[in-house]
file data_2.csv (CSV, C-alpha atoms and all ligand atoms)
chain,number,residue,atom,x,y,z
A,1,MET,CA,85.5,145.5,37.9
A,2,ASN,CA,88.0,145.1,40.8
A,3,ARG,CA,90.6,147.8,41.1
A,4,PRO,CA,94.1,146.4,41.6
A,5,ILE,CA,95.3,146.1,45.2
A,6,GLY,CA,97.7,148.8,46.2
A,7,ASN,CA,101.0,148.5,48.1
A,8,LYS,CA,99.3,150.0,51.2
A,9,GLU,CA,96.7,147.3,51.3
A,10,ILE,CA,99.3,144.5,50.8
A,11,LYS,CA,101.1,145.9,53.8
A,12,ILE,CA,97.9,145.8,55.9
A,13,ILE,CA,97.2,142.2,54.9
A,14,GLN,CA,100.8,141.2,55.7
A,15,TYR,CA,100.5,142.8,59.2
A,16,LEU,CA,97.2,141.0,59.8
A,17,MET,CA,98.6,137.7,58.8
A,18,LEU,CA,101.6,138.2,61.1
A,19,ALA,CA,99.3,139.1,64.0
A,20,VAL,CA,97.2,135.9,63.4
A,21,LEU,CA,100.4,133.8,63.3
A,22,LEU,CA,101.6,135.3,66.5
A,23,VAL,CA,98.3,134.5,68.3
A,24,LEU,CA,98.5,131.0,67.0
A,25,VAL,CA,102.1,130.4,68.2
A,26,PHE,CA,101.2,131.8,71.6
A,27,ALA,CA,98.1,129.6,71.9
A,28,VAL,CA,99.9,126.4,70.9
A,29,SER,CA,102.8,127.0,73.3
A,30,ALA,CA,100.4,127.8,76.2
A,31,TYR,CA,98.6,124.5,75.5
A,32,ALA,CA,101.8,122.5,75.3
A,33,GLY,CA,103.0,124.0,78.6
A,34,ARG,CA,99.7,123.0,80.3
A,35,MET,CA,100.1,119.4,79.1
A,36,ARG,CA,103.6,119.3,80.3
A,37,ARG,CA,102.7,120.6,83.7
A,38,ALA,CA,99.9,118.0,84.0
A,39,GLU,CA,102.2,115.1,83.1
A,40,ASN,CA,104.9,116.3,85.4
A,41,SER,CA,102.5,116.5,88.4
A,42,GLU,CA,101.4,112.9,87.7
A,43,LYS,CA,105.0,111.8,87.4
A,44,SER,CA,106.0,113.5,90.6
A,45,SER,CA,103.1,111.9,92.6
A,46,ASP,CA,104.3,108.6,91.3
A,47,ARG,CA,107.9,109.3,92.3
A,48,THR,CA,106.6,109.9,95.8
A,49,GLU,CA,105.0,106.5,95.8
A,50,ASN,CA,108.2,104.8,94.7
A,51,ALA,CA,110.3,106.8,97.2
A,52,GLU,CA,108.0,105.8,100.0
A,53,ALA,CA,108.1,102.2,99.0
A,54,ALA,CA,111.8,102.3,98.9
A,55,LYS,CA,112.0,104.0,102.3
A,56,ASP,CA,109.9,101.3,103.7
A,57,GLY,CA,112.0,98.7,102.0
A,58,ASN,CA,115.0,99.9,103.9
A,59,ASN,CA,113.4,99.7,107.2
A,60,THR,CA,113.9,96.1,107.7
A,61,GLY,CA,113.7,96.2,111.4
A,62,ASP,CA,110.4,97.9,112.0
A,63,ALA,CA,108.2,94.9,111.4
A,64,GLY,CA,105.2,96.9,110.2
A,65,ALA,CA,105.2,99.0,113.4
A,66,SER,CA,102.7,101.3,111.8
A,67,GLY,CA,100.6,98.5,110.6
A,68,ASP,CA,99.1,97.0,113.7
A,69,ALA,CA,96.2,99.4,113.9
A,70,ASP,CA,93.8,96.6,114.6
A,71,THR,CA,91.1,98.9,115.8
A,72,SER,CA,89.3,98.8,112.4
A,73,GLY,CA,86.5,96.3,112.9
A,74,GLN,CA,85.6,97.6,109.5
A,75,THR,CA,83.0,96.3,107.2
A,76,GLU,CA,85.2,97.1,104.2
A,77,GLU,CA,86.4,93.5,104.1
A,78,ASN,CA,84.1,91.7,101.7
A,79,GLN,CA,86.5,88.9,101.6
A,80,GLY,CA,84.8,85.6,101.6
A,81,THR,CA,81.4,87.0,100.8
A,82,GLN,CA,81.9,86.5,97.1
A,83,LYS,CA,80.2,83.4,95.7
A,84,ALA,CA,82.2,81.0,93.6
A,85,GLU,CA,80.9,81.2,90.0
A,86,SER,CA,80.7,78.6,87.3
A,87,GLY,CA,82.9,76.0,89.0
A,88,SER,CA,85.6,78.4,90.1
A,89,LYS,CA,86.6,78.9,93.6
A,90,GLY,CA,86.1,82.7,93.3
A,91,THR,CA,87.7,85.7,91.7
A,92,ILE,CA,91.1,87.1,92.3
A,93,VAL,CA,92.1,90.5,90.8
A,94,LEU,CA,95.7,91.0,89.8
A,95,ASP,CA,97.0,94.5,89.1
A,96,ALA,CA,100.2,94.9,87.1
A,97,GLY,CA,101.5,98.3,88.2
A,98,HIS,CA,102.3,101.2,85.9
A,99,GLY,CA,102.0,100.8,82.1
A,100,GLY,CA,101.6,102.9,79.0
A,101,PHE,CA,103.4,106.2,79.3
A,102,ASP,CA,104.4,105.4,82.9
A,103,PRO,CA,107.4,103.0,83.1
A,104,GLY,CA,107.6,102.9,86.9
A,105,VAL,CA,111.2,102.2,88.1
A,106,CYS,CA,113.9,101.7,85.5
A,107,GLY,CA,116.6,99.2,86.2
A,108,ALA,CA,120.3,99.7,85.5
A,109,SER,CA,120.1,97.4,82.5
A,110,GLY,CA,117.3,99.5,81.1
A,111,VAL,CA,114.4,97.2,82.0
A,112,ALA,CA,111.3,99.0,82.9
A,113,GLU,CA,109.2,98.0,85.9
A,114,ARG,CA,105.9,98.1,83.8
A,115,GLU,CA,107.2,95.2,81.7
A,116,LEU,CA,108.3,93.0,84.6
A,117,ASN,CA,105.1,93.7,86.5
A,118,LEU,CA,103.0,92.4,83.5
A,119,VAL,CA,105.3,89.3,83.2
A,120,PHE,CA,104.8,88.5,86.9
A,121,ALA,CA,101.1,89.2,86.8
A,122,LYS,CA,100.6,86.8,83.8
A,123,LYS,CA,102.6,84.0,85.4
A,124,LEU,CA,100.7,84.4,88.7
A,125,GLU,CA,97.4,84.3,86.7
A,126,ALA,CA,98.4,80.9,85.2
A,127,LEU,CA,99.2,79.4,88.7
A,128,LEU,CA,96.0,80.7,90.3
A,129,ALA,CA,93.9,79.5,87.3
A,130,GLU,CA,95.4,76.0,87.8
A,131,GLU,CA,94.3,76.2,91.4
A,132,GLY,CA,90.7,76.8,90.3
A,133,TYR,CA,90.4,80.6,90.7
A,134,ARG,CA,89.0,83.0,88.1
A,135,VAL,CA,91.6,85.7,87.6
A,136,VAL,CA,90.9,89.3,86.3
A,137,GLN,CA,93.8,91.5,85.3
A,138,THR,CA,93.3,95.3,85.7
A,139,ARG,CA,95.9,95.9,83.0
A,140,PRO,CA,96.1,92.9,80.7
A,141,THR,CA,98.4,94.5,78.2
A,142,GLU,CA,101.3,97.0,78.0
A,143,ALA,CA,98.8,99.9,77.6
A,144,GLY,CA,97.8,102.0,80.6
A,145,LEU,CA,94.2,102.4,81.5
A,146,TYR,CA,93.7,106.0,80.4
A,147,ASP,CA,92.3,107.7,77.4
A,148,LYS,CA,94.9,109.1,75.0
A,149,GLU,CA,93.6,112.6,75.1
A,150,GLN,CA,93.3,112.6,78.9
A,151,THR,CA,95.3,115.3,80.7
A,152,HIS,CA,95.4,113.5,84.0
A,153,LYS,CA,96.4,110.1,82.8
A,154,LYS,CA,97.8,108.7,86.0
A,155,ALA,CA,94.7,109.7,88.0
A,156,GLN,CA,92.4,108.1,85.4
A,157,ASP,CA,94.5,105.0,85.3
A,158,MET,CA,94.4,104.5,89.0
A,159,GLN,CA,90.6,105.2,89.2
A,160,ARG,CA,90.0,102.6,86.5
A,161,ARG,CA,92.0,100.0,88.3
A,162,CYS,CA,89.9,100.6,91.4
A,163,ALA,CA,86.7,100.5,89.3
A,164,VAL,CA,87.7,97.0,88.1
A,165,ILE,CA,88.1,95.8,91.7
A,166,GLU,CA,84.9,97.5,92.7
A,167,LYS,CA,83.0,95.7,89.9
A,168,GLU,CA,84.6,92.3,90.5
A,169,GLN,CA,84.2,92.2,94.3
A,170,PRO,CA,87.1,89.7,94.4
A,171,LEU,CA,88.2,87.5,97.2
A,172,LEU,CA,91.4,89.6,97.2
A,173,THR,CA,93.5,91.9,95.0
A,174,VAL,CA,97.3,91.6,94.5
A,175,SER,CA,99.1,94.6,92.9
A,176,ILE,CA,102.5,93.7,91.5
A,177,HIS,CA,105.4,96.2,91.6
A,178,GLN,CA,109.2,96.4,91.6
A,179,ASN,CA,111.0,98.5,94.1
A,180,SER,CA,113.7,101.1,94.0
A,181,TYR,CA,116.1,102.7,96.5
A,182,PRO,CA,119.1,105.2,96.2
A,183,ASP,CA,121.3,102.7,98.1
A,184,SER,CA,121.9,99.9,95.5
A,185,SER,CA,122.7,97.4,98.1
A,186,VAL,CA,119.1,97.2,99.4
A,187,SER,CA,117.3,94.1,98.1
A,188,GLY,CA,114.5,91.7,98.9
A,189,PRO,CA,110.8,91.4,98.4
A,190,GLN,CA,108.3,93.3,100.6
A,191,VAL,CA,104.5,93.2,100.9
A,192,PHE,CA,102.4,96.2,101.8
A,193,TYR,CA,98.9,96.3,103.1
A,194,PHE,CA,96.4,99.1,104.1
A,195,ALA,CA,97.3,99.8,107.7
A,196,GLN,CA,93.6,99.8,108.8
A,197,SER,CA,92.9,96.4,107.3
A,198,LYS,CA,93.3,93.3,109.4
A,199,GLU,CA,92.6,91.0,106.5
A,200,GLY,CA,95.1,92.9,104.4
A,201,GLU,CA,97.7,92.4,107.1
A,202,ARG,CA,97.0,88.7,107.3
A,203,LEU,CA,97.2,88.3,103.5
A,204,ALA,CA,100.4,90.4,103.4
A,205,SER,CA,101.9,88.2,106.2
A,206,CYS,CA,101.1,85.0,104.4
A,207,ILE,CA,102.7,86.2,101.1
A,208,GLN,CA,105.7,87.7,102.8
A,209,ASP,CA,106.4,84.5,104.7
A,210,CYS,CA,106.3,82.4,101.6
A,211,MET,CA,108.5,84.8,99.6
A,212,ASN,CA,111.1,85.0,102.4
A,213,GLU,CA,111.2,81.3,102.8
A,214,GLN,CA,111.0,80.0,99.2
A,215,LEU,CA,113.3,82.7,97.7
A,216,ALA,CA,115.8,82.1,100.6
A,217,VAL,CA,116.0,85.9,101.1
A,218,GLU,CA,119.3,86.8,102.9
A,219,LYS,CA,117.9,89.8,104.9
A,220,PRO,CA,114.2,89.1,105.0
A,221,LYS,CA,111.9,92.1,105.3
A,222,SER,CA,108.6,92.2,107.2
A,223,HIS,CA,105.3,93.0,105.7
A,224,LYS,CA,104.3,96.5,106.3
A,225,GLY,CA,101.2,98.7,106.8
A,226,ASN,CA,100.7,101.8,104.7
A,227,ASP,CA,98.2,104.6,104.8
A,228,SER,CA,98.8,106.4,101.5
A,229,TYR,CA,99.1,104.0,98.6
A,230,TYR,CA,96.1,104.7,96.4
A,231,ILE,CA,95.3,101.2,95.4
A,232,LEU,CA,95.3,100.0,99.0
A,233,LYS,CA,93.3,103.0,100.3
A,234,ARG,CA,90.7,103.1,97.6
A,235,SER,CA,90.1,99.5,96.6
A,236,ALA,CA,87.2,97.6,97.9
A,237,GLY,CA,88.0,94.5,99.9
A,238,THR,CA,91.4,93.0,100.8
A,239,ALA,CA,94.3,94.3,98.7
A,240,VAL,CA,98.1,94.1,99.0
A,241,ILE,CA,101.0,95.5,97.0
A,242,VAL,CA,103.8,93.0,96.4
A,243,GLU,CA,107.2,94.6,95.6
A,244,CYS,CA,109.0,91.6,94.1
A,245,GLY,CA,112.5,93.1,94.6
A,246,PHE,CA,114.7,96.1,93.9
A,247,LEU,CA,115.5,97.0,90.3
A,248,THR,CA,118.1,99.4,91.7
A,249,ASN,CA,120.1,96.4,93.0
A,250,PRO,CA,122.0,95.0,90.0
A,251,ASP,CA,122.1,91.5,91.3
A,252,GLU,CA,118.4,91.5,92.2
A,253,GLU,CA,117.6,93.1,88.9
A,254,ALA,CA,119.3,90.3,87.0
A,255,LYS,CA,117.4,87.7,89.1
A,256,LEU,CA,114.0,89.5,88.5
A,257,LYS,CA,114.7,89.3,84.7
A,258,ASP,CA,115.5,85.6,84.9
A,259,GLU,CA,112.6,83.3,84.0
A,260,THR,CA,113.4,80.6,86.5
A,261,TYR,CA,113.5,83.1,89.3
A,262,GLN,CA,110.3,84.7,88.1
A,263,ASP,CA,108.6,81.3,88.3
A,264,ARG,CA,109.8,80.9,91.9
A,265,VAL,CA,108.6,84.4,92.8
A,266,VAL,CA,105.1,83.8,91.5
A,267,ARG,CA,105.0,80.3,93.1
A,268,ALA,CA,105.8,81.9,96.4
A,269,ILE,CA,103.1,84.6,96.0
A,270,CYS,CA,100.6,82.0,94.9
A,271,ASP,CA,101.3,79.8,97.9
A,272,GLY,CA,101.0,82.8,100.2
A,273,ILE,CA,97.5,83.5,98.7
A,274,LEU,CA,96.5,79.8,99.1
A,275,ASN,CA,97.6,79.8,102.7
A,276,TYR,CA,95.6,82.9,103.4
A,277,LEU,CA,92.5,81.5,101.7
A,278,LYS,CA,92.9,78.1,103.5
A,279,GLU,CA,93.3,79.7,106.9
A,280,ASP,CA,90.1,81.7,106.1
A,281,SER,CA,88.1,78.6,105.3
A,282,ASP,CA,89.4,76.6,108.3
A,283,PRO,CA,86.8,76.4,111.1
B,301,ZN,ZN,105.7,100.6,91.1
call {"tool": "encode", "arguments": {"input": "data_2.csv", "output": "structure tokens", "more": "lines below"}}
Ligand SMILES: [Zn+2]
result
Amino acid sequence: MNRPIGNKEIKIIQYLMLAVLLVLVFAVSAYAGRMRRAENSEKSSDRTENAEAAKDGNNTGDAGASGDADTSGQTEENQGTQKAESGSKGTIVLDAGHGGFDPGVCGASGVAERELNLVFAKKLEALLAEEGYRVVQTRPTEAGLYDKEQTHKKAQDMQRRCAVIEKEQPLLTVSIHQNSYPDSSVSGPQVFYFAQSKEGERLASCIQDCMNEQLAVEKPKSHKGNDSYYILKRSAGTAVIVECGFLTNPDEEAKLKDETYQDRVVRAICDGILNYLKEDSDP
């Protein structure tokens, strides 16, 4: 027969339960802290990207000064080596920037860059498909390309975008973004290319020219070389980043949300791509 539990034993059990509870609370808060730190470091690296793009955006006069490093002679350009498949003229990869937990730049009206990037990417896909190209989207939905339980979501997201490009070996890749800058008067589209890539520079120039002309940009920017953007640095073949405009400029933000203007933007990007590919196939 069990003897009844005494007061002393009840006290001991209470102390033990309290100790277990304390350990649990400590473990949970330590884990949460680690998750927060990981997310913050991803966000801050992204802020750097945006800040740099904006800085470049403001340098309207420097005409890609850092971008004419034409010493590459690299073999990284596999542009043109891809064979057209099943009646298409070849594959083009479109990359809608940000997504999922990462909104990118947020406009004054509350619109998030990730939403607009996807709208532009889908509209551009339709135009390119009409022209006979096979289009692959790295991010076909609102979701980011990371696993839910992943600690380094941004890093995994970027690696997976590059993996799509690597697998597809496209004619070219266009990454779609919206820009930001502390001075809200700054506006206009700008195209970035990897500074060591001659083909990237040519593609960027073709797209920048079409955008400046067709969108009647008041203070047109020049396409610009860049050494640090992950998608430019790490993706196989020819890639550019198109910053369609500045969400920090209220007038431009309103235009970027307007469907008629969106159609003009993607028409200009599409024509730039076609000019690039046409020049390439000319003798
Ligand atoms: Zn962006």
call {"tool": "residues_near_ligand", "arguments": {"input": "data_2.csv", "ligand": "ligand ZN 301 (chain B)", "cutoff": "6 Å", "atoms": "only C-alpha atoms and all ligand atoms", "output": "list of chain:residue names"}}
result
A:Gly97, A:Gly104, A:His177, A:Gln178
call {"tool": "atom_distance", "arguments": {"input": "data_2.csv", "atom1": "CA of Glu149 (chain A)", "atom2": "CA of Arg161 (chain A)"}}
result
18.3 Å
call {"tool": "residues_around", "arguments": {"input": "data_2.csv", "residues": "Lys123 (chain A)", "least_positions_apart": "5", "cutoff": "10 Å", "atoms": "only C-alpha atoms", "output": "list in words"}}
result
Leu118, Leu128, Ala129, Gln262, Asp263, Val265, Val266, Arg267 and Cys270 of chain A
call {"tool": "write_last_selection", "arguments": {"input": "data_2.csv", "atoms": "C-alpha atoms", "output": "PDB file, keeping the file's coordinate frame"}}
result
ATOM      1  CA  LEU A 118     103.000  92.400  83.500  1.00  0.00           C
ATOM      2  CA  LEU A 128      96.000  80.700  90.300  1.00  0.00           C
ATOM      3  CA  ALA A 129      93.900  79.500  87.300  1.00  0.00           C
ATOM      4  CA  GLN A 262     110.300  84.700  88.100  1.00  0.00           C
ATOM      5  CA  ASP A 263     108.600  81.300  88.300  1.00  0.00           C
ATOM      6  CA  VAL A 265     108.600  84.400  92.800  1.00  0.00           C
ATOM      7  CA  VAL A 266     105.100  83.800  91.500  1.00  0.00           C
ATOM      8  CA  ARG A 267     105.000  80.300  93.100  1.00  0.00           C
ATOM      9  CA  CYS A 270     100.600  82.000  94.900  1.00  0.00           C
TER      10      CYS A 270
END
call {"tool": "closest_residue", "arguments": {"input": "data_2.csv", "among": "A:Val164, A:Ala143, A:Ile273, A:Leu16", "to": "Asp95 (chain A)", "atoms": "all atoms listed in the file"}}
result
A:Val164
call {"tool": "closest_residue", "arguments": {"input": "data_2.csv", "among": "A:Lys8, A:Lys224, A:His98, A:Arg202", "to": "Asp157 (chain A)", "atoms": "only C-alpha atoms"}}
result
A:His98
call {"tool": "decode", "arguments": {"input": "data_2.csv", "residues": "region 155-166 of chain A", "atoms": "all heavy atoms", "output": "CSV table (one decimal), in the first residue's frame"}}
result
chain,number,residue,atom,x,y,z
A,155,ALA,N,18.9,34.0,-48.0
A,155,ALA,CA,20.0,33.3,-48.7
A,155,ALA,C,19.5,32.2,-49.5
A,155,ALA,O,19.9,32.0,-50.7
A,155,ALA,CB,21.0,32.9,-47.7
A,156,GLN,N,18.6,31.4,-48.9
A,156,GLN,CA,18.1,30.2,-49.7
A,156,GLN,C,17.2,30.7,-50.9
A,156,GLN,O,17.3,30.1,-52.0
A,156,GLN,CB,17.2,29.4,-48.8
A,156,GLN,CG,16.7,28.1,-49.4
A,156,GLN,CD,15.9,27.2,-48.5
A,156,GLN,OE1,14.9,27.7,-48.0
A,156,GLN,NE2,16.3,26.0,-48.4
A,157,ASP,N,16.5,31.7,-50.7
A,157,ASP,CA,15.7,32.3,-51.8
A,157,ASP,C,16.5,32.7,-53.0
A,157,ASP,O,16.3,32.4,-54.1
A,157,ASP,CB,14.9,33.5,-51.2
A,157,ASP,CG,14.0,34.2,-52.3
A,157,ASP,OD1,14.5,35.1,-52.9
A,157,ASP,OD2,12.9,33.8,-52.4
A,158,MET,N,17.6,33.4,-52.7
A,158,MET,CA,18.5,33.9,-53.7
A,158,MET,C,19.2,32.7,-54.4
A,158,MET,O,19.4,32.7,-55.6
A,158,MET,CB,19.5,34.9,-53.2
A,158,MET,CG,19.0,36.2,-52.7
A,158,MET,SD,17.9,37.1,-53.8
A,158,MET,CE,19.1,37.6,-55.0
A,159,GLN,N,19.7,31.7,-53.6
A,159,GLN,CA,20.3,30.6,-54.2
A,159,GLN,C,19.4,29.8,-55.1
A,159,GLN,O,19.8,29.4,-56.2
A,159,GLN,CB,20.8,29.6,-53.1
A,159,GLN,CG,22.1,30.1,-52.4
A,159,GLN,CD,22.2,29.5,-51.0
A,159,GLN,OE1,21.5,28.6,-50.6
A,159,GLN,NE2,23.2,30.1,-50.3
A,160,ARG,N,18.1,29.7,-54.8
A,160,ARG,CA,17.2,29.0,-55.6
A,160,ARG,C,16.9,29.7,-56.9
A,160,ARG,O,16.7,29.1,-57.9
A,160,ARG,CB,15.9,28.7,-54.8
A,160,ARG,CG,16.2,27.6,-53.8
A,160,ARG,CD,14.9,27.2,-53.1
A,160,ARG,NE,15.2,26.0,-52.3
A,160,ARG,CZ,14.4,25.5,-51.4
A,160,ARG,NH1,13.2,26.0,-51.2
A,160,ARG,NH2,14.7,24.4,-50.7
A,161,ARG,N,16.9,31.1,-56.8
A,161,ARG,CA,16.7,31.8,-58.1
A,161,ARG,C,17.8,31.5,-59.0
A,161,ARG,O,17.6,31.3,-60.2
A,161,ARG,CB,16.6,33.3,-57.8
A,161,ARG,CG,15.4,33.8,-57.1
A,161,ARG,CD,15.5,35.2,-56.5
A,161,ARG,NE,14.4,35.4,-55.5
A,161,ARG,CZ,13.3,36.0,-55.8
A,161,ARG,NH1,13.1,36.6,-56.9
A,161,ARG,NH2,12.3,36.2,-54.8
A,162,CYS,N,19.0,31.6,-58.5
A,162,CYS,CA,20.2,31.3,-59.3
A,162,CYS,C,20.2,29.9,-59.9
A,162,CYS,O,20.6,29.6,-61.0
A,162,CYS,CB,21.5,31.6,-58.6
A,162,CYS,SG,21.7,33.4,-58.3
A,163,ALA,N,19.7,28.9,-59.0
A,163,ALA,CA,19.6,27.5,-59.5
A,163,ALA,C,18.7,27.4,-60.7
A,163,ALA,O,18.9,26.6,-61.6
A,163,ALA,CB,19.2,26.6,-58.3
A,164,VAL,N,17.6,28.1,-60.7
A,164,VAL,CA,16.7,28.1,-61.8
A,164,VAL,C,17.4,28.5,-63.1
A,164,VAL,O,17.3,27.9,-64.1
A,164,VAL,CB,15.4,29.0,-61.6
A,164,VAL,CG1,14.6,29.1,-62.8
A,164,VAL,CG2,14.6,28.4,-60.4
A,165,ILE,N,18.1,29.6,-62.9
A,165,ILE,CA,18.9,30.2,-64.1
A,165,ILE,C,19.9,29.2,-64.6
A,165,ILE,O,20.0,28.9,-65.8
A,165,ILE,CB,19.5,31.5,-63.7
A,165,ILE,CG1,18.4,32.6,-63.4
A,165,ILE,CG2,20.4,32.1,-64.9
A,165,ILE,CD1,18.9,33.8,-62.6
A,166,GLU,N,20.6,28.6,-63.6
A,166,GLU,CA,21.6,27.6,-64.0
A,166,GLU,C,21.0,26.4,-64.7
A,166,GLU,O,21.6,26.0,-65.7
A,166,GLU,CB,22.3,27.1,-62.6
A,166,GLU,CG,23.4,26.1,-62.8
A,166,GLU,CD,24.6,26.8,-63.4
A,166,GLU,OE1,25.0,27.9,-62.9
A,166,GLU,OE2,25.3,26.2,-64.2
